[in-house]
Amino acid sequence: MSRPGFVLEVDDRTPPLVVHEGQGFRLEEFPLGTRVIYPPESVPTVPDVEAAIREALLNPVDSEPLPALLRPGMRLTIAFDDLSLPLPSMRKPDIRQRIIEQVLTLAAEAGVDDVELIAANALHRRMTDAELKHIVGERVFRSFHPQGLLTNHDAEDHDNLLHVGLTDKGEDVEINRRAAESDLLVYVNVNLVSMDGGHKSVPIGLASYKSLRHHHNARTMVRSHSFMDHKASHLHHSAWRMGRLLKDHLKVFQIETTLDNNVFPSPYDFLMKREWEWSVKDQASMLAARRGLAMAPRRLRHKMFHDIRSPYGLTGINAGDTEAVHERTLAAVHQQQLVEVQGQSDVLVMGVPYLGPYNVNSTMNPILATCVGLGYLFNSYLGQPVVRRGGAVILYHPLNEGFNQLHHPSYVDFYEEVLAESTDPVVVGEKYEEQFAHDPWYIHLYRTSHAYHGVHPFYMWYWAAHAMDHVDEVIWVGGDRRVASRLGFRAATTLADALEMASGTVGSSPSITYLHNPPHLLADVRGGD
Amino acid sequence: MMLALEMFRSLPRHAAGRVVGGRMPGVLSGFAAPLRLMTIDEPRVDRPGWARLRTRLSGICGSDLGALSGRTSLYFSAVVSMPFVPGHEVVAELVDDCEDLPAGTRVVVDPVLTCAARGVDPCEACAMGATNRCSRITVGHLAPGLQTGFCKDTGGGWGQQLAAHRSQLHVVPEGYSDEQAILIEPVACAVHTALAARVGENDRVLVSGAGSVGLFTTLALRNLTPAGEITVVAKHAHQRELALELGATEVVAPGEVLRRVRRTTGAFQVKPEFGSPYLLGGVDVAIDAVGSKQSLETALHATRAGARVVLSGMPAGADLSAAWFRELEVVGSYASAQREPRAGDRSAFDLATELVAADPVVRLAKTVASYPLHRWREALDHAHSAGRLGTVKVAFDPRSSR
C-alpha cells in the first residue's frame, strides 16, 4: 500500500534533507518550521502491461475499438512523444514500444499497408537513430526506419506541412502533412506530468512554428496558472482550440499512459525515500554516491546521471477520444502526484536536478536550468502557486554546465546577446523571437543536425515568465554569480545567505516551503492570494 | 640644440624587440627599444616653403610601437632613413613664418612627405591629390622617409622641434585644445579608411578593433558614409562605451564576433579541421583596425563573398584563403589624402578637423595621457597597455619637464 504525499514541518528531529543541484545533491538543514512537500509513494501499477494495452485498444473511451477503425488501403500514421518524456528515460522496453507493437499488429491483421511512424518532436531536436530505437524498439525500428517510414517530425519542411485552418481566435493550425492527411492518426503518449497529453499532443507535437507561436509566447505563458492545470492554462486553452479544430478534419485515436513515481533505480533509490527512513544500506548508498560524485570528473558525473534508466511502472493506459481519455489520464496523474498544501509561503525552495525535458543526453545550460526551476517546478501546482505573490524563490543549481553546441546552438546566442540586453520575456520576445525563428543557419541545424530550433531558448524563457512575474526575488544557491547575474537573478553560497539576501523582500522570518522533487509532485494549494 | 627621442639602427635590439616585444612590452621599454633620449641639433630644411615647428604634443601611434618592437615588416626599411626622431601625430606652433602662416600659428601636420615637400615635380598620385600614394618618397632634397617621424632630415614630434613643409600644415581652429588637435591626424586616417571602404547604403560594417584606429574609423563611418549596422569588436569596457558613443550599433567581444555576425546576417558557419570557424556569408564591409593576424582573419572570416576587407592597421601575416575563395576585395588604407574623391575632393584633414569637434571626441580628448620626453619608458609602457588602462591616446609633451 503506497503512502500519500504529505507536508512535513521541519523540527529539531528532522535530519538534513536531500536537495538536488544539477549533477549532484546536497543534504540541507532547513530552518525550523520549514514546510517540506513530499510526493506520494508509487501507486500500484498495472500487473499485466500487454493485457492492459490490448484492453485499452479494444475498449477505448468514446471511440470505436481500434480494429474497427482499421481497413485495407487506408493511410495510418502513428505519432509518439519524443525523448523529452519520460524523465529520466524509461528502462527498456519503453512503454511506447509496447503500444506501437500492438497497434502495428492490429493494423497488419486488418490489412493496413500504408503505415508511417512520426516522432512528435515539434521544435525539439531530431532524435538520433539510437534514441528512436530506444523508444520504438529494435523490431519496429528495423522494419520502418530503413524505408524512411519512421521519421522525426520536421517543422521546417514546408512541403510536408498542412495548414488545416484557423481557430475561432485566429490561431493557425498547421501540422505535419502526413499526419493531417491520414485516415487515422494514432497518438502514443507518455503522461509524466499533468501538463502533458490531451490536445497538447497532436496540435503541438506535430506543429510548425507558425502554429506554435500562438501559445508559446510570453503573454500566454504569463497567464497560464498553471501549466499543470489545462483548465487554468492559456497555453492549453489555445492548444484545446486547435485540437478541436483538428478533430473536424482528422480522426485521432489518442493513447495516453501514466507512470508511477519509481524514478531512481538502485543504488539511487534512496533519493525517493524519506530521509529519516533511510536504512543502513540507503545511508551507505548515499555516502558512496556523495563521495563518488565529489571525486568524479565532470564527464564521469554526467555519464553517471545520464545513464540512469528509470524502472517506471505503468499505472494506467487509456485510449480513444482525446478529451475523454485525458480526463482519465489526469485522474491517474493526480492520484500519483497530488499533495494537498494549505496556504502559500513567503519563500519557495526547489532543487533543480540534472535533467529536464530538453537536455536528455545533453547538458543543462543556464537557460534550461531556469526553465526547469521557474517553469516546470514552480508550476507544479493547482490553484495557487506555493509561494505568495511578491515572495522569493530559492533554487539550487551550479549553473556551470555550459552549452552543448550540437544541441543548443541558438541558446548560446540567446544567452550572450539577448539576455545581455534584457531578461524580460516580453521584451526579448518582441525584439528577437522572429529573428531567431527564421534564422536560416538554425533552421539548417534543426533539420540536418540534432539542434533544437532557433526559437527554442525563447520558449524556455517564456516557461519561466509566470514565475518571474509572480515573485520578486530569485536566488540560486551554489550558482555561478556571473551566470546568475546574466539571467537577471542573484547567487548565494548557502541557504542562510540566500535567506539573508531575500530578507529585503520577505523579511527576516519568512515562511518557507521546500518542494521535495523529484519524484514528481503536484501541490494542490488551498487558500492564498 | 634640442631634446629628442631618436630611433637608431641596432640589430640586437631590433631582434630582441621582434622576439619578445609583442608579448613583453616592458622589455621593450626597458632595455630592448632601439630608442634613446638625445640632445641633438634642431632639424632644419633650408628650402622654400619649409619652416621650423615647436612641438606642443605628439601622439604615440600603433605604427610607432610596431617599429620599436621590430614587428613592422622590413618592407618599410627602404622608405625610412635612420636615425630619425619618431612622431607623426603632431600639434605644434610655427617658430618661423611659413608662407601665409605667421610664426606662432598653431598647426597640425599631415605627415606624408609628398612631391611638394620634396621639391620634385608632382608624381601622378600627387597630381591627383592622392598624396598618400606619392611614389617619390625616397627622392628629392630630403632623405628617404614615407612620413615626418620616419625621415632623418625632418625630425618628428618626439623632439622639441621639427621641420615641416607648408603643404603639410593645417591650422588648428580657435577653441580646440591641443589634446583635441592631436587627434586630427589619426581621425584623418580614419576618414580615409571609411571612404576607402566604399560603404553602400545601409551596408553592414564590421570594425575589428577598438583602439584609436577602430574608434575613429567608427566615427568616420557613421558621419561620412551611409553605413547601416556597424559592429565593433572591443576588448575593454571603456572601448565598448566609446564605440557606442562614436556611432557603433553594437559592440562585441573578440570571442563573440563570429557568432554575432553570423546571427545578424543569417550566415552559415563552418569549421575547418584544426582551424577556427568561418562564415559563409557575413558583413558587407569589414575593417581590420588592429593589424594582427587574429584581427585580419576575423575580418576575412566574417565577410560575405564578393565583399570588401579594408586593411587599416599595419597588416600582419594571415591566411588569405578566404580572400581567394570568397573573392574578397582586399583594400589597403594608408594615411590620408589631400583630396578625397569620395568626399567632394575635400582634404581628409579638413573633414577630420570638423569631426573632432563632436562632443564624444571632445570628451575623449580629455583622456589623452601626456608625458615629458624623459619619461619615455613609462609613456611607451602606457601606450602598449592603453586599452587595458582605459586610455585611447598617449602622447609626448616635449615642453613639459615633469
# chains A, B, ... in the order shown; residues from 1 in each chain; ligands from 1
>>> closest_atom_pairs(of="chain B", to="chain A", cutoff="7 Å", atoms="only C-alpha atoms", output="CSV")
residue,atom,partner,partner_atom,distance
B:Gly266,CA,A:Asp439,CA,5.6
B:Ala267,CA,A:Trp441,CA,6.6
B:Phe268,CA,A:Trp441,CA,5.3
>>> select_by_dssp(residues="range 250-309 of chain B", states="strand (DSSP E or B)", output="list in words")
Glu250, Val251, Val252, Phe268, Gln269, Val270, Tyr278, Leu279, Leu280, Val283, Asp284, Val285, Ala286, Ile287, Asp288, Thr303, Arg304, Ala305, Gly306, Ala307, Arg308 and Val309 of chain B
>>> residues_around(residues="range 313-325 of chain B", least_positions_apart="5", cutoff="6 Å", atoms="only C-alpha atoms", output="list in words")
Ala289, Val290, Gly291, Ser292 and Lys293 of chain B
>>> residues_around(residues="Leu245 in chain A", least_positions_apart="5", cutoff="9 Å", atoms="only C-alpha atoms", output="PyMOL selection string")
chain A and resi 164-168+173+240+250
>>> closest_residue(among="B:Asp350, B:Gly200, B:Cys61, B:Leu373", to="Met38 in chain B", atoms="only C-alpha atoms")
B:Leu373
>>> closest_residue(among="B:Cys189, B:Val207, B:Ala305, B:Val252", to="Leu351 in chain B", atoms="only C-alpha atoms")
B:Cys189
>>> residues_around(residues="range 164-178 of chain B", least_positions_apart="2", cutoff="9 Å", atoms="only C-alpha atoms", output="ChimeraX atom specification")
/B:44-45,47-53,56-57,91-92,98-101,105-114,116-118,148,154-155,162,180-183,349-350,353,356-357,362,365
>>> residues_around(residues="Ala502 in chain A", least_positions_apart="2", cutoff="10 Å", atoms="only C-alpha atoms", output="list of chain:residue names")
A:Asp346, A:Val347, A:Gly391, A:Ala392, A:Val393, A:Ile394, A:Asp472, A:Glu473, A:Val474, A:Ile475, A:Arg490, A:Ala496, A:Asp497, A:Ala498, A:Leu499, A:Glu500, A:Gly504, A:Thr505, A:Val506, A:Gly507, A:Ser508, A:Pro510
>>> write_last_selection(atoms="C-alpha atoms", output="short mmCIF file (atom, residue, chain, number, x, y, z; two decimals), in the first residue's frame")
data_model
loop_
_atom_site.label_atom_id
_atom_site.label_comp_id
_atom_site.auth_asym_id
_atom_site.auth_seq_id
_atom_site.Cartn_x
_atom_site.Cartn_y
_atom_site.Cartn_z
CA ASP A 346 6.92 33.64 1.54
CA VAL A 347 9.75 31.56 0.16
CA GLY A 391 7.69 36.31 -2.47
CA ALA A 392 11.06 34.74 -3.18
CA VAL A 393 12.20 31.59 -4.93
CA ILE A 394 15.43 29.90 -3.94
CA ASP A 472 10.14 39.49 -6.54
CA GLU A 473 13.33 37.61 -5.89
CA VAL A 474 15.08 34.60 -7.42
CA ILE A 475 18.27 33.37 -5.81
CA ARG A 490 21.33 36.58 -7.78
CA ALA A 496 21.31 31.01 5.05
CA ASP A 497 22.92 33.55 2.73
CA ALA A 498 20.04 33.26 0.31
CA LEU A 499 17.51 33.86 3.07
CA GLU A 500 19.53 36.84 4.24
CA GLY A 504 14.62 42.64 2.00
CA THR A 505 11.71 41.12 0.12
CA VAL A 506 10.19 38.66 2.57
CA GLY A 507 11.50 39.81 5.94
CA SER A 508 13.81 38.06 8.34
CA PRO A 510 9.71 34.21 6.29
#
>>> closest_residue(among="A:Leu419, A:Leu184, A:Met90, A:Leu70", to="Gly111 in chain A", atoms="only C-alpha atoms")
A:Leu70
>>> residues_around(residues="Asp321 in chain A", least_positions_apart="4", cutoff="9 Å", atoms="only C-alpha atoms", output="PDB file with N, CA and C atoms, in the first residue's frame")
ATOM      1  N   PRO A  60     -11.881   1.287 -26.095  1.00  0.00           N
ATOM      2  CA  PRO A  60     -11.478   2.681 -25.870  1.00  0.00           C
ATOM      3  C   PRO A  60     -12.598   3.533 -25.278  1.00  0.00           C
ATOM      4  N   VAL A  61     -12.257   4.739 -24.917  1.00  0.00           N
ATOM      5  CA  VAL A  61     -13.200   5.679 -24.322  1.00  0.00           C
ATOM      6  C   VAL A  61     -13.780   6.562 -25.433  1.00  0.00           C
ATOM      7  N   ASP A  62     -15.102   6.592 -25.519  1.00  0.00           N
ATOM      8  CA  ASP A  62     -15.795   7.443 -26.504  1.00  0.00           C
ATOM      9  C   ASP A  62     -15.245   7.260 -27.914  1.00  0.00           C
ATOM     10  N   SER A  63     -14.985   6.042 -28.271  1.00  0.00           N
ATOM     11  CA  SER A  63     -14.468   5.769 -29.614  1.00  0.00           C
ATOM     12  C   SER A  63     -14.735   4.320 -29.952  1.00  0.00           C
ATOM     13  N   VAL A 252      -8.399  11.210 -34.769  1.00  0.00           N
ATOM     14  CA  VAL A 252      -7.255  10.948 -33.885  1.00  0.00           C
ATOM     15  C   VAL A 252      -7.674   9.886 -32.865  1.00  0.00           C
ATOM     16  N   PHE A 253      -6.858   8.877 -32.751  1.00  0.00           N
ATOM     17  CA  PHE A 253      -7.053   7.854 -31.717  1.00  0.00           C
ATOM     18  C   PHE A 253      -5.930   8.051 -30.702  1.00  0.00           C
ATOM     19  N   GLN A 254      -6.286   8.644 -29.584  1.00  0.00           N
ATOM     20  CA  GLN A 254      -5.283   9.053 -28.589  1.00  0.00           C
ATOM     21  C   GLN A 254      -5.058   7.938 -27.579  1.00  0.00           C
ATOM     22  N   ILE A 255      -3.803   7.602 -27.362  1.00  0.00           N
ATOM     23  CA  ILE A 255      -3.467   6.601 -26.341  1.00  0.00           C
ATOM     24  C   ILE A 255      -2.571   7.282 -25.313  1.00  0.00           C
ATOM     25  N   VAL A 325     -10.178  10.663 -22.930  1.00  0.00           N
ATOM     26  CA  VAL A 325      -9.007   9.920 -22.459  1.00  0.00           C
ATOM     27  C   VAL A 325      -8.211  10.767 -21.470  1.00  0.00           C
ATOM     28  N   HIS A 326      -8.076  12.043 -21.813  1.00  0.00           N
ATOM     29  CA  HIS A 326      -7.211  12.888 -20.998  1.00  0.00           C
ATOM     30  C   HIS A 326      -7.787  13.098 -19.600  1.00  0.00           C
TER      31      HIS A 326
END
>>> closest_residue(among="A:Met286, A:Glu116, A:Tyr312, A:Asn318", to="Leu57 in chain A", atoms="only C-alpha atoms")
A:Asn318
>>> closest_atom_pairs(of="range 113-225 of chain B", to="range 387-397 of chain B", cutoff="7 Å", atoms="only C-alpha atoms", output="Markdown table")
| residue | atom | partner | partner_atom | distance |
| --- | --- | --- | --- | --- |
| B:Trp158 | CA | B:Phe396 | CA | 6.5 |
| B:Gly211 | CA | B:Val392 | CA | 6.3 |
| B:Ser212 | CA | B:Val392 | CA | 5.6 |
